[in-house]
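J.: Contents of query_15.txt (compact mmCIF, C-alpha atoms) are below:
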# COMPACT_ATOMS: atom_id res chain seq x y z
CA MET A 1 51.03 62.10 -127.30
CA ASN A 2 48.81 60.03 -125.08
CA MET A 3 50.62 61.39 -122.12
CA ARG A 4 50.00 64.95 -123.18
CA LEU A 5 46.35 64.27 -123.78
CA ALA A 6 45.96 62.70 -120.35
CA THR A 7 47.73 65.57 -118.64
CA THR A 8 45.59 68.10 -120.50
CA ALA A 9 42.40 66.23 -119.48
CA ILE A 10 43.42 66.17 -115.82
CA LEU A 11 44.34 69.84 -115.90
CA ALA A 12 41.02 70.77 -117.54
CA SER A 13 39.10 68.74 -114.96
CA SER A 14 40.90 70.45 -112.09
CA ILE A 15 40.13 73.89 -113.49
CA ALA A 16 36.48 72.96 -114.02
CA LEU A 17 36.17 71.68 -110.47
CA ALA A 18 37.81 74.77 -109.03
CA ALA A 19 35.37 76.99 -110.91
CA CYS A 20 32.40 75.09 -109.38
CA SER A 21 33.45 75.35 -105.76
CA LYS A 22 31.08 77.27 -103.48
CA LYS A 23 31.99 80.35 -101.58
CA ALA A 24 31.37 80.43 -97.87
CA PRO A 25 28.18 82.35 -97.03
CA GLU A 26 28.60 85.86 -95.74
CA GLN A 27 26.22 85.17 -92.84
CA LEU A 28 25.71 81.84 -91.12
CA PRO A 29 22.15 80.52 -90.71
CA PRO A 30 20.67 80.65 -87.21
CA ALA A 31 21.39 77.79 -84.85
CA PRO A 32 18.78 75.06 -84.89
CA ALA A 33 15.92 75.52 -82.45
CA ASP A 34 15.98 73.45 -79.26
CA THR A 35 13.69 70.53 -80.07
CA THR A 36 13.95 68.84 -76.71
CA THR A 37 10.86 69.15 -74.59
CA ASN A 38 10.97 69.48 -70.87
CA THR A 39 9.56 66.19 -69.75
CA PRO A 40 8.56 66.18 -66.13
CA ALA A 41 10.61 64.00 -63.87
CA PRO A 42 8.94 60.71 -63.06
CA SER A 43 6.67 61.21 -60.11
CA THR A 44 8.12 59.90 -56.95
CA GLN A 45 5.30 58.30 -55.09
CA THR A 46 5.08 59.24 -51.50
CA GLY A 47 3.28 56.94 -49.19
CA PRO A 48 2.59 53.25 -49.43
CA THR A 49 2.74 51.32 -52.68
CA VAL A 50 -0.60 50.61 -54.36
CA GLY A 51 -1.76 47.15 -53.41
CA SER A 52 0.29 46.94 -50.22
CA GLN A 53 -1.45 46.25 -46.94
CA SER A 54 -0.72 49.76 -45.68
CA HIS A 55 -2.17 51.30 -48.87
CA PHE A 56 -5.29 49.16 -48.46
CA ASN A 57 -5.58 50.08 -44.76
CA ASN A 58 -5.21 53.78 -45.54
CA ALA A 59 -7.70 53.66 -48.42
CA VAL A 60 -10.53 51.82 -46.68
CA GLY A 61 -9.68 52.61 -43.08
CA GLN A 62 -8.02 50.13 -40.73
CA GLU A 63 -11.37 49.46 -39.02
CA ASN A 64 -12.87 48.33 -42.36
CA THR A 65 -10.33 45.59 -43.07
CA VAL A 66 -11.83 43.18 -40.54
CA VAL A 67 -15.39 41.94 -40.07
CA TYR A 68 -16.51 40.40 -36.78
CA PHE A 69 -18.92 37.56 -36.07
CA ASP A 70 -21.17 36.34 -33.30
CA THR A 71 -20.30 33.19 -31.36
CA ASP A 72 -20.51 30.16 -33.69
CA GLY A 73 -21.73 32.50 -36.45
CA TYR A 74 -20.60 33.36 -39.94
CA ASP A 75 -23.44 35.59 -41.15
CA ILE A 76 -22.66 38.99 -42.66
CA ASP A 77 -24.66 41.67 -40.80
CA GLY A 78 -25.28 45.32 -41.73
CA GLU A 79 -22.05 46.61 -40.20
CA ASP A 80 -20.06 43.87 -41.93
CA SER A 81 -21.68 44.57 -45.29
CA ALA A 82 -20.74 48.27 -45.05
CA LYS A 83 -17.11 47.30 -44.40
CA LEU A 84 -17.09 44.82 -47.26
CA GLN A 85 -18.62 47.42 -49.59
CA ARG A 86 -15.70 49.76 -48.79
CA GLN A 87 -13.31 46.92 -49.54
CA ALA A 88 -15.10 46.14 -52.81
CA GLN A 89 -14.72 49.77 -53.94
CA TYR A 90 -10.98 49.54 -53.34
CA PHE A 91 -10.66 46.21 -55.17
CA GLN A 92 -12.71 47.52 -58.11
CA GLN A 93 -10.46 50.57 -58.37
CA TYR A 94 -7.27 48.49 -58.14
CA SER A 95 -8.20 45.51 -60.27
CA ASN A 96 -4.70 44.04 -60.26
CA VAL A 97 -4.63 43.56 -56.48
CA THR A 98 -5.20 40.04 -55.20
CA PHE A 99 -5.92 39.29 -51.59
CA THR A 100 -6.59 36.70 -48.93
CA ILE A 101 -9.44 36.60 -46.45
CA GLU A 102 -8.32 34.95 -43.23
CA GLY A 103 -10.95 33.30 -41.07
CA HIS A 104 -10.40 33.28 -37.29
CA THR A 105 -12.25 32.06 -34.22
CA ASP A 106 -11.98 32.45 -30.48
CA GLU A 107 -10.24 29.87 -28.31
CA ARG A 108 -13.34 27.89 -27.42
CA GLY A 109 -14.09 24.68 -29.30
CA THR A 110 -11.94 21.98 -30.81
CA ARG A 111 -9.23 22.71 -33.32
CA GLU A 112 -11.17 20.97 -36.10
CA TYR A 113 -14.40 22.81 -35.30
CA ASN A 114 -12.63 26.16 -35.24
CA LEU A 115 -10.79 25.55 -38.52
CA ALA A 116 -14.12 24.73 -40.18
CA LEU A 117 -15.81 27.78 -38.63
CA GLY A 118 -12.92 30.03 -39.67
CA GLU A 119 -13.27 28.73 -43.22
CA ARG A 120 -17.03 29.45 -43.23
CA ARG A 121 -16.32 33.00 -42.02
CA ALA A 122 -13.69 33.62 -44.69
CA ASN A 123 -15.98 32.20 -47.38
CA ALA A 124 -18.91 34.32 -46.18
CA ALA A 125 -16.82 37.47 -46.65
CA LYS A 126 -15.51 36.22 -50.00
CA ASN A 127 -18.99 35.39 -51.28
CA TYR A 128 -20.23 38.84 -50.29
CA LEU A 129 -17.36 40.51 -52.18
CA VAL A 130 -18.03 38.30 -55.22
CA SER A 131 -21.70 39.35 -55.08
CA LEU A 132 -20.46 42.96 -55.32
CA GLY A 133 -18.55 42.19 -58.52
CA ILE A 134 -15.07 41.22 -57.34
CA PRO A 135 -13.83 38.23 -59.37
CA ALA A 136 -13.53 35.11 -57.22
CA ASN A 137 -10.14 34.25 -58.75
CA ARG A 138 -8.62 37.32 -57.04
CA ILE A 139 -9.69 36.13 -53.59
CA ARG A 140 -8.03 33.35 -51.63
CA THR A 141 -9.47 32.14 -48.34
CA LEU A 142 -7.57 30.68 -45.45
CA SER A 143 -8.69 29.51 -42.02
CA TYR A 144 -6.48 29.84 -38.98
CA GLY A 145 -9.19 28.78 -36.55
CA LYS A 146 -8.07 29.73 -33.06
CA GLU A 147 -4.34 29.64 -33.88
CA ARG A 148 -3.77 33.39 -34.37
CA PRO A 149 -5.65 35.41 -31.77
CA VAL A 150 -5.32 39.21 -31.79
CA ALA A 151 -6.51 39.50 -28.20
CA MET A 152 -5.24 37.30 -25.41
CA GLY A 153 -7.59 36.37 -22.64
CA SER A 154 -10.43 34.07 -21.79
CA ASN A 155 -13.24 36.60 -21.60
CA GLU A 156 -15.99 37.91 -23.86
CA SER A 157 -14.01 41.00 -24.89
CA ALA A 158 -11.05 38.93 -26.15
CA TRP A 159 -13.28 36.32 -27.77
CA ALA A 160 -15.25 39.00 -29.66
CA GLN A 161 -12.03 40.46 -31.12
CA ASN A 162 -10.85 37.03 -32.25
CA ARG A 163 -14.07 36.01 -34.07
CA ARG A 164 -13.19 37.67 -37.36
CA ALA A 165 -12.42 37.57 -41.06
CA ALA A 166 -9.45 39.75 -41.94
CA THR A 167 -8.64 40.92 -45.47
CA VAL A 168 -4.94 40.88 -46.33
CA THR A 169 -3.56 42.08 -49.66
CA VAL A 170 -1.10 39.88 -51.52
CA ASN A 171 0.49 42.40 -53.92
Written as structure tokens, that's how I'd like the structure from this file.

T.:
Amino acid sequence: MNMRLATTAILASSIALAACSKKAPEQLPPAPADTTTNTPAPSTQTGPTVGSQSHFNNAVGQENTVVYFDTDGYDIDGEDSAKLQRQAQYFQQYSNVTFTIEGHTDERGTREYNLALGERRANAAKNYLVSLGIPANRIRTLSYGKERPVAMGSNESAWAQNRRAATVTVN
């Protein structure tokens, strides 16, 4: 009798389950809406990378990356200050860019004298930029003295081009 009772219970359960089954809907619901958004493709930068020397040159103008000095001098004059102000604007806009100011001299004088003079020139430019709000820890100075001339020759024209402080970006 237990067997009959178990069979009857299973049969009753099957019938009950069959009665509860759902019918398929006559009409299917609409397809889900497209939830993906059209994200623009990452911009492909054309031109030099921010912080590179070419980006700096283009932004401030090649002629504004170098300041020139009188013989045995390291004072910042009006023309130099205008160039350094352009540089400061760039370095304020791109606050992650670090840079070096290289001090140079002409060929006259001893190596030691010229290294010291080149250092004073680089520091004069650095101090001016710091006075304009550029943090000193972003600026490195380096003196090459007379070791890296841009103009060859032993005349006033060549010497004038070599008495300089050049700003070079590091990033």

J.: Please compute the atom CA of A:Gly145-atom CA of A:Gln92 distance, one decimal, in Å.

T.: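 About the pair atom CA of A:Gly145 and atom CA of A:Gln92: they are 28.8 Å apart.
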
J.: Do you have the atom CA of A:Asn114-atom CA of A:Asn127 distance handy?

T.: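 Calculated distance between atom CA of A:Asn114 and atom CA of A:Asn127 is 19.6 Å.
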
J.: How many Å lie between atom CA of A:Glu119 and atom CA of A:Thr98, rounded to one decimal?

T.: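 Here the two named atoms are 18.3 Å from each other.
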
J.: For a quick check of understanding, using only C-alpha atoms, which of A:Ser95, A:Asn64, A:Asn58, A:Thr105 has the smallest distance to A:Asn137?

T.: A:Ser95

J.: Between A:Glu112, A:Asp77, A:Glu102, A:Glu156, which residue has the minimum interatomic distance to A:Ile139, considering all atoms listed in the file?

T.: A:Glu102

J.: With a distance cut-off of 10 Å and all atoms listed in the file, select the neighbouring residues of A:Gln85, excluding the residue or stretch itself and same-chain residues fewer than 2 positions from it, and output the selection as a list in words.

T.: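 Counting only the stated atoms, we get Val60, Asn64, Asp80, Ser81, Ala82, Lys83, Gln87, Ala88, Gln89, Tyr90, Phe91, Tyr128, Leu129 and Leu132 of chain A.
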
J.: Restricted to C-alpha atoms, what would the selected residues look like written as an mmCIF file, in the coordinates of the input?

T.:
data_model
loop_
_atom_site.group_PDB
_atom_site.id
_atom_site.type_symbol
_atom_site.label_atom_id
_atom_site.label_comp_id
_atom_site.auth_asym_id
_atom_site.auth_seq_id
_atom_site.Cartn_x
_atom_site.Cartn_y
_atom_site.Cartn_z
ATOM 1 C CA VAL A 60 -10.530 51.820 -46.680
ATOM 2 C CA ASN A 64 -12.870 48.330 -42.360
ATOM 3 C CA ASP A 80 -20.060 43.870 -41.930
ATOM 4 C CA SER A 81 -21.680 44.570 -45.290
ATOM 5 C CA ALA A 82 -20.740 48.270 -45.050
ATOM 6 C CA LYS A 83 -17.110 47.300 -44.400
ATOM 7 C CA GLN A 87 -13.310 46.920 -49.540
ATOM 8 C CA ALA A 88 -15.100 46.140 -52.810
ATOM 9 C CA GLN A 89 -14.720 49.770 -53.940
ATOM 10 C CA TYR A 90 -10.980 49.540 -53.340
ATOM 11 C CA PHE A 91 -10.660 46.210 -55.170
ATOM 12 C CA TYR A 128 -20.230 38.840 -50.290
ATOM 13 C CA LEU A 129 -17.360 40.510 -52.180
ATOM 14 C CA LEU A 132 -20.460 42.960 -55.320
#

J.: Place a sphere of radius 10 Å on (-6.5, 34.8, -49.5) in the file coordinates and name every protein, DNA or RNA residue with an atom inside or on its surface, counting all atoms listed in the file; give the answer as a PyMOL selection string.

T.: chain A and resi 98-103+122+126+137-143+166-170
